[in-house]
Every structure is written in C-alpha cells, then in structure tokens.
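run-v3.csv follows (CSV, C-alpha atoms):
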chain,number,residue,atom,x,y,z
X,285,MET,CA,-64.1,56.6,42.6
X,286,LYS,CA,-62.3,53.3,43.0
X,287,MET,CA,-58.6,53.3,42.0
X,288,VAL,CA,-56.7,50.3,40.5
X,289,LEU,CA,-53.1,49.6,39.8
X,290,ASP,CA,-52.2,49.5,36.1
X,291,ILE,CA,-49.5,46.9,35.7
X,292,THR,CA,-47.5,46.8,32.5
X,293,TYR,CA,-46.0,43.4,31.9
X,294,THR,CA,-42.6,43.0,30.3
X,295,ARG,CA,-41.2,39.9,28.6
X,296,ASP,CA,-39.6,38.7,31.9
X,297,MET,CA,-42.7,39.5,33.9
X,298,ALA,CA,-41.3,42.7,35.5
X,299,PHE,CA,-43.9,45.2,36.5
X,300,SER,CA,-44.3,48.9,36.4
X,301,PHE,CA,-47.1,50.5,38.3
X,302,ARG,CA,-49.3,53.5,38.1
X,303,VAL,CA,-52.6,54.3,39.7
X,304,SER,CA,-55.5,55.1,37.4
X,305,PRO,CA,-59.3,55.5,37.9
X,306,ASP,CA,-61.3,52.3,37.5
X,307,VAL,CA,-64.1,53.2,35.2
X,308,ALA,CA,-65.2,49.8,34.0
X,309,LEU,CA,-64.5,47.2,36.7
X,310,ARG,CA,-67.4,47.0,39.0
X,311,ASP,CA,-68.3,44.8,42.0
X,312,ALA,CA,-71.9,43.7,41.6
X,313,ALA,CA,-74.1,40.9,42.8
X,314,MET,CA,-75.3,38.6,40.0
X,315,PRO,CA,-79.0,38.4,39.5
X,316,SER,CA,-80.8,36.2,42.0
X,317,GLY,CA,-81.9,32.8,40.6
X,318,SER,CA,-78.9,32.5,38.3
X,319,ALA,CA,-78.7,29.0,36.9
X,320,ARG,CA,-75.1,28.6,38.0
X,321,ASP,CA,-72.5,30.3,40.2
X,322,VAL,CA,-70.5,32.9,38.4
X,323,ALA,CA,-67.6,34.8,39.8
X,324,TRP,CA,-67.0,37.2,36.9
X,325,THR,CA,-68.9,38.2,33.8
X,326,LEU,CA,-66.9,40.0,31.0
X,327,ALA,CA,-69.0,41.7,28.4
X,328,ASN,CA,-67.3,42.8,25.1
X,329,VAL,CA,-64.1,43.6,27.0
X,330,SER,CA,-61.1,45.0,25.2
X,331,VAL,CA,-57.7,45.9,26.7
X,332,SER,CA,-54.8,47.7,25.0
X,333,HIS,CA,-51.2,48.3,26.3
X,334,ASN,CA,-49.7,51.5,24.9
X,335,GLY,CA,-52.2,51.3,22.0
X,336,ILE,CA,-51.4,47.7,21.2
X,337,PRO,CA,-54.5,45.4,21.6
X,338,ALA,CA,-54.1,42.6,24.2
X,339,LEU,CA,-57.8,41.5,24.5
X,340,ALA,CA,-60.5,42.2,21.9
X,341,GLY,CA,-64.2,41.8,22.4
X,342,VAL,CA,-64.1,39.2,25.1
X,343,ASN,CA,-67.4,37.8,26.4
X,344,LEU,CA,-66.9,35.3,29.2
X,345,ASP,CA,-68.3,34.0,32.4
X,346,ILE,CA,-65.8,32.7,35.0
X,347,PRO,CA,-67.4,30.1,37.3
X,348,ALA,CA,-67.2,30.4,41.1
X,349,TYR,CA,-66.0,27.6,43.5
X,350,GLY,CA,-64.2,25.7,40.7
X,351,MET,CA,-61.0,25.7,38.7
X,352,THR,CA,-60.7,27.6,35.4
X,353,ALA,CA,-57.6,27.1,33.2
X,354,ILE,CA,-56.7,29.9,30.8
X,355,THR,CA,-54.6,28.7,27.9
X,356,GLY,CA,-53.3,29.7,24.5
X,357,ALA,CA,-50.1,30.6,22.6
X,358,ASN,CA,-47.6,33.1,24.0
X,359,GLY,CA,-48.9,36.6,23.4
X,360,SER,CA,-52.5,35.6,23.2
X,361,GLY,CA,-53.6,37.7,26.2
X,362,LYS,CA,-53.6,35.1,29.0
X,363,SER,CA,-51.6,37.2,31.6
X,364,THR,CA,-53.6,40.3,30.6
X,365,LEU,CA,-56.9,38.4,31.3
X,366,LEU,CA,-55.6,37.2,34.6
X,367,GLY,CA,-54.5,40.7,35.6
X,368,LEU,CA,-57.9,42.0,34.6
X,369,LEU,CA,-59.6,39.6,36.9
X,370,ALA,CA,-57.2,40.6,39.7
X,371,GLY,CA,-58.1,44.2,39.2
X,372,VAL,CA,-54.6,45.3,38.3
X,373,VAL,CA,-55.1,45.7,34.6
X,374,PRO,CA,-57.6,48.4,33.5
X,375,VAL,CA,-60.3,47.8,30.9
X,376,THR,CA,-60.1,49.9,27.7
X,377,SER,CA,-63.7,49.2,26.8
X,378,GLY,CA,-66.5,46.9,27.8
X,379,SER,CA,-67.3,45.9,31.4
X,380,VAL,CA,-66.2,43.4,34.0
X,381,ARG,CA,-68.7,42.4,36.8
X,382,ARG,CA,-67.4,40.6,39.8
X,383,SER,CA,-70.2,38.9,41.8
X,384,GLU,CA,-70.6,38.5,45.5
X,385,ARG,CA,-69.3,34.9,45.1
X,386,ALA,CA,-65.9,36.5,44.4
X,387,SER,CA,-66.2,39.4,46.7
X,388,GLY,CA,-63.6,38.3,49.3
X,389,GLY,CA,-59.9,38.7,49.0
X,390,ILE,CA,-57.9,37.9,45.9
X,391,ALA,CA,-54.5,36.2,46.0
X,392,LEU,CA,-52.4,36.7,42.9
X,393,VAL,CA,-49.4,34.4,42.3
X,394,VAL,CA,-47.0,35.6,39.6
X,395,GLN,CA,-44.3,33.7,37.8
X,396,ARG,CA,-41.1,33.1,39.7
X,397,SER,CA,-39.1,35.4,37.4
X,398,GLY,CA,-41.2,38.3,38.6
X,399,VAL,CA,-39.7,38.1,42.1
X,400,PRO,CA,-36.2,39.7,42.8
X,401,ASP,CA,-33.5,37.1,43.3
X,402,GLY,CA,-31.6,39.0,46.0
X,403,LEU,CA,-34.3,39.2,48.7
X,404,PRO,CA,-32.8,38.0,52.1
X,405,LEU,CA,-35.8,35.8,52.9
X,406,THR,CA,-36.3,32.2,54.0
X,407,VAL,CA,-39.0,30.0,52.6
X,408,ARG,CA,-41.0,30.4,55.9
X,409,ASP,CA,-40.6,34.2,55.7
X,410,THR,CA,-41.9,34.3,52.2
X,411,VAL,CA,-44.9,32.1,52.9
X,412,THR,CA,-45.6,34.1,56.1
X,413,MET,CA,-45.8,37.3,54.0
X,414,GLY,CA,-49.1,35.8,52.7
X,415,ARG,CA,-50.7,36.5,56.0
X,416,TRP,CA,-50.0,40.2,55.6
X,417,ALA,CA,-53.1,40.4,53.4
X,418,GLN,CA,-55.2,39.6,56.5
X,419,ARG,CA,-53.1,41.2,59.3
X,420,GLY,CA,-50.9,43.9,57.7
X,421,ALA,CA,-47.2,43.9,57.6
X,422,TRP,CA,-46.6,45.3,61.1
X,423,ARG,CA,-49.0,43.3,63.3
X,424,ARG,CA,-47.7,40.3,65.3
X,425,ILE,CA,-48.2,36.9,63.7
X,426,THR,CA,-50.6,34.8,65.8
X,427,ARG,CA,-50.7,31.0,66.5
X,428,THR,CA,-53.5,30.7,63.9
X,429,ASP,CA,-51.3,32.5,61.4
X,430,ARG,CA,-48.4,30.1,62.1
X,431,ASP,CA,-50.7,27.1,61.7
X,432,ILE,CA,-51.9,28.4,58.3
X,433,VAL,CA,-48.3,28.9,57.2
X,434,ASP,CA,-47.5,25.4,58.4
X,435,ASP,CA,-50.4,24.0,56.4
X,436,ALA,CA,-49.3,25.9,53.3
X,437,LEU,CA,-45.7,24.6,53.6
X,438,ALA,CA,-47.0,21.1,54.1
X,439,ALA,CA,-49.3,21.3,51.1
X,440,LEU,CA,-46.3,22.1,48.8
X,441,GLY,CA,-43.9,19.7,50.5
X,442,LEU,CA,-41.7,22.5,51.9
X,443,GLN,CA,-41.4,21.7,55.6
X,444,ASP,CA,-37.8,20.6,55.3
X,445,LEU,CA,-36.9,23.7,53.3
X,446,ALA,CA,-38.6,26.2,55.6
X,447,GLN,CA,-35.4,27.8,57.0
X,448,ARG,CA,-33.6,27.8,53.6
X,449,SER,CA,-32.9,31.1,51.9
X,450,LEU,CA,-34.8,31.7,48.6
X,451,THR,CA,-31.5,32.2,46.9
X,452,GLU,CA,-30.6,28.5,47.7
X,453,LEU,CA,-33.7,27.1,46.0
X,454,SER,CA,-34.1,25.4,42.7
X,455,GLY,CA,-36.7,26.9,40.3
X,456,GLY,CA,-39.3,24.3,41.2
X,457,GLN,CA,-38.8,24.8,44.9
X,458,ARG,CA,-39.1,28.6,44.5
X,459,GLN,CA,-42.2,28.3,42.5
X,460,ARG,CA,-43.8,26.0,45.2
X,461,THR,CA,-42.9,28.6,47.8
X,462,LEU,CA,-44.7,31.3,45.8
X,463,VAL,CA,-47.8,29.1,45.5
X,464,ALA,CA,-47.6,28.4,49.2
X,465,GLN,CA,-47.6,32.1,49.9
X,466,GLY,CA,-50.8,32.4,47.9
X,467,LEU,CA,-52.4,29.6,49.8
X,468,ALA,CA,-51.4,31.2,53.1
X,469,GLN,CA,-53.6,34.2,52.2
X,470,ARG,CA,-56.7,32.1,52.6
X,471,ALA,CA,-58.4,34.3,49.9
X,472,THR,CA,-61.7,33.6,48.4
X,473,VAL,CA,-60.1,33.7,44.9
X,474,LEU,CA,-56.7,32.4,43.9
X,475,LEU,CA,-55.2,33.6,40.6
X,476,LEU,CA,-52.0,32.1,39.3
X,477,ASP,CA,-49.8,32.9,36.3
X,478,GLU,CA,-48.4,29.6,34.9
X,479,PRO,CA,-47.7,28.1,38.3
X,480,THR,CA,-46.3,24.8,36.8
X,481,ALA,CA,-44.2,26.4,34.0
X,482,GLY,CA,-40.6,25.0,34.0
X,483,VAL,CA,-41.0,22.8,37.0
X,484,ASP,CA,-40.3,19.1,37.3
X,485,ALA,CA,-43.1,16.4,37.6
X,486,PHE,CA,-42.7,16.3,41.4
X,487,ALA,CA,-43.3,20.0,41.8
X,488,ARG,CA,-46.1,20.0,39.2
X,489,ASP,CA,-48.0,17.2,41.0
X,490,LEU,CA,-47.7,19.0,44.3
X,491,ILE,CA,-48.9,22.3,42.9
X,492,ALA,CA,-51.8,20.6,41.0
X,493,ALA,CA,-52.8,18.7,44.2
X,494,ALA,CA,-52.7,21.9,46.2
X,495,LEU,CA,-55.0,23.7,43.7
X,496,ASP,CA,-57.4,20.8,43.8
X,497,ALA,CA,-57.5,21.0,47.6
X,498,GLU,CA,-58.2,24.7,47.4
X,499,VAL,CA,-61.2,24.1,45.1
X,500,ARG,CA,-62.5,21.5,47.6
X,501,ARG,CA,-62.2,24.1,50.3
X,502,GLY,CA,-64.5,26.4,48.3
X,503,THR,CA,-61.9,28.7,46.7
X,504,THR,CA,-62.3,30.0,43.1
X,505,VAL,CA,-59.1,29.1,41.3
X,506,VAL,CA,-58.1,30.6,38.0
X,507,HIS,CA,-54.7,29.9,36.5
X,508,VAL,CA,-52.8,30.4,33.2
X,509,THR,CA,-51.2,27.3,31.9
X,510,HIS,CA,-49.8,25.5,28.9
X,511,ASP,CA,-49.6,22.2,30.7
X,512,ASP,CA,-52.1,19.6,29.2
X,513,GLU,CA,-51.9,17.5,32.4
X,514,VAL,CA,-53.1,20.5,34.4
X,515,ILE,CA,-55.6,21.6,31.9
X,516,VAL,CA,-57.6,18.4,32.1
X,517,ARG,CA,-58.1,18.9,35.8
X,518,ALA,CA,-60.0,22.2,35.2
X,519,ASP,CA,-63.7,22.6,35.4
X,520,ARG,CA,-63.6,25.2,32.7
X,521,VAL,CA,-61.0,25.8,30.0
X,522,VAL,CA,-60.7,29.3,28.3
X,523,ARG,CA,-58.6,29.3,25.2
X,524,LEU,CA,-57.3,32.5,23.8
X,525,GLU,CA,-56.0,33.3,20.3
X,526,ALA,CA,-54.8,36.8,19.5
X,527,GLY,CA,-56.7,38.3,22.4
X,528,ARG,CA,-60.0,36.6,21.6
X,529,VAL,CA,-61.8,33.6,23.3
X,530,VAL,CA,-61.9,30.8,20.8
X,531,GLU,CA,-63.3,28.0,23.0

Please render this file's structure as structure tokens.
Amino acid sequence: MKMVLDITYTRDMAFSFRVSPDVALRDAAMPSGSARDVAWTLANVSVSHNGIPALAGVNLDIPAYGMTAITGANGSGKSTLLGLLAGVVPVTSGSVRRSERASGGIALVVQRSGVPDGLPLTVRDTVTMGRWAQRGAWRRITRTDRDIVDDALAALGLQDLAQRSLTELSGGQRQRTLVAQGLAQRATVLLLDEPTAGVDAFARDLIAAALDAEVRRGTTVVHVTHDDEVIVRADRVVRLEAGRVVE
C-alpha cells in the first residue's frame, strides 16, 4: 500500500504532517487514443479537513505539458486542490488518476511564509537544495548540478544575490529564490502556491517568464493565483467557489 503525507494547512501556511494510507490516489496510464494530453483526472473528489469540507464533488481534468491556473476566493479550496495533486493531501472520497504524462517527479513550491525565517542559508544553498530530489542530501553535487542551479538563478535574476543570506532578502527576492529551487529540481510537474502573491511587478514578471519557459521545456505547470495578469497566460483556468469548480 502506498503511503502519503497528510498536510494540514494553517492560516500562515505552516504544516503539520502525518503519514496515512493512500486509498484513492492512483498512478495510472490514461486510455490510449485520448483526444488530448491529460496529467490528472479527478472524479467526484471531496476532501475534508477535521470534518470541515474543503473540496466537494470536483470533476476535473488537468492538462499535461501546459500551464493551469487555479483561482478563487480565499478559503475556496485552492491550496487543498494543489496539495491533492502533489499527493500530500488525502482524498476523502472520489478518485484521482495521475497519467503517465505526469509520472515523473513533482516539485512543490509553497508560499514564502511557509519557510522558517531563521535558516542560515544563502540563496545558492537554498536553490541547490532543489537538486536533492535527484541526488539525495548527502551525495556530492556535480558540475551538471551546478549548471542547473546557475540556470535557475539566472532565470529568476538572482545571480548577484547568490551569496546573500535568506534573512537579508526582501519578500520578492525570497519568493524568487523558492521558485528557483523548484526549477532546479527539473521535475516533470511544477506545482506552485501563489508564487506571485505580494511581490512587486519586477519579481512577478520574472516568475511569470520562468514559468512560461518551463512550459516550453515540456513541464506541466499548475499554480494557484489571484493575479489577473498571470491568469491570462494560462492554458487552462480552474475557478473554485466554496470547494467546487465553477468554471
């Protein structure tokens, strides 16, 4: 039996973890001859946190190799849906099928407030941690790994900040660092929770351009956002209202 991490989200995006059996999330190839590429299919999915409904009766296809924006009011279930796709939020009822098109690694980028402020890490250290998904935390970083980290730093305009401590960064710089860490994983799927929330126009444009580049590279990108300028760049928009898909 596969196990998943059940993450409970608090208002400030802190996490508590417990391991629970995965009874409804299944990796499965989509039927051959499908009219379009699908990464996930959700069928009548409901999720509750401590008995409080977060998603209700969601039927949804998430396309592969493109960008999907998840939007809606606060408390509408956006972060829960993202966590469900990441495999860290368990299904209460219904089923989630992940196709072979999304069968590689998944990189999950959380909001900046979910990362402790006191970590003694530089920007480069933080982005390099993205390579741990491929190599493990204790294996030596290779030249290829360093090149990937350099590319991620460049994509988010962080080269001149590489040796700066995280504690010295502005909110926008820190958010760009977390997105760069996600890029450094070179995952098949990139999931992001409000990557442009609270950042200035410069940071927003860099992040948006980096996500566009990931799609061109063949990555499936799914992100939660309230930003209309980012929403219009998406190939698919999923709007949630009180835990239900309304558009």

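Using only C-alpha atoms for every distance, the candidate list X:Val508, X:Met413, X:Ala481, X:Leu339 yields X:Leu339 as the residue closest to Ala526 in chain X.
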
Polymer residues at most 7 Å from Leu524 in chain X, all atoms listed in the file, same-chain spacing of 2 or more positions, as a PyMOL selection string: chain X and resi 355-356+360-362+522+526-530

Length of the CA of Ala353 in chain X to CA of Thr504 in chain X vector [Å]: 11.3 Å

Nearest to Ala386 in chain X, chosen from X:Ser363, X:Thr472, X:Gln447, X:Thr480, with only C-alpha atoms counted in the distances: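 Smallest separation from Ala386 in chain X among the options: X:Thr472.
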
Atom-to-atom span, CA of Asp431 in chain X and CA of Ile390 in chain X, Å: 20.4 Å

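Between Ile491 in chain X and the candidates X:Val407, X:Val380, X:Leu467, X:Val433, the tightest atom-to-atom separation, counting only C-alpha atoms, involves X:Leu467.
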
Distance query range 482-489 of chain X at most 9 Å, only C-alpha atoms, self and fewer than 5 positions along chain excluded, as a list in words: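 Answer for this query is Leu440, Gly441, Gly455, Gly456, Gln457, Gln459, Arg460, Ala494 and Val514 of chain X.
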
Contacts of Thr325 in chain X within 6 Å, all atoms listed in the file, excl. fewer than 6 positions in-chain, as an NGL selection string: :X and (344-345 or 380-381)
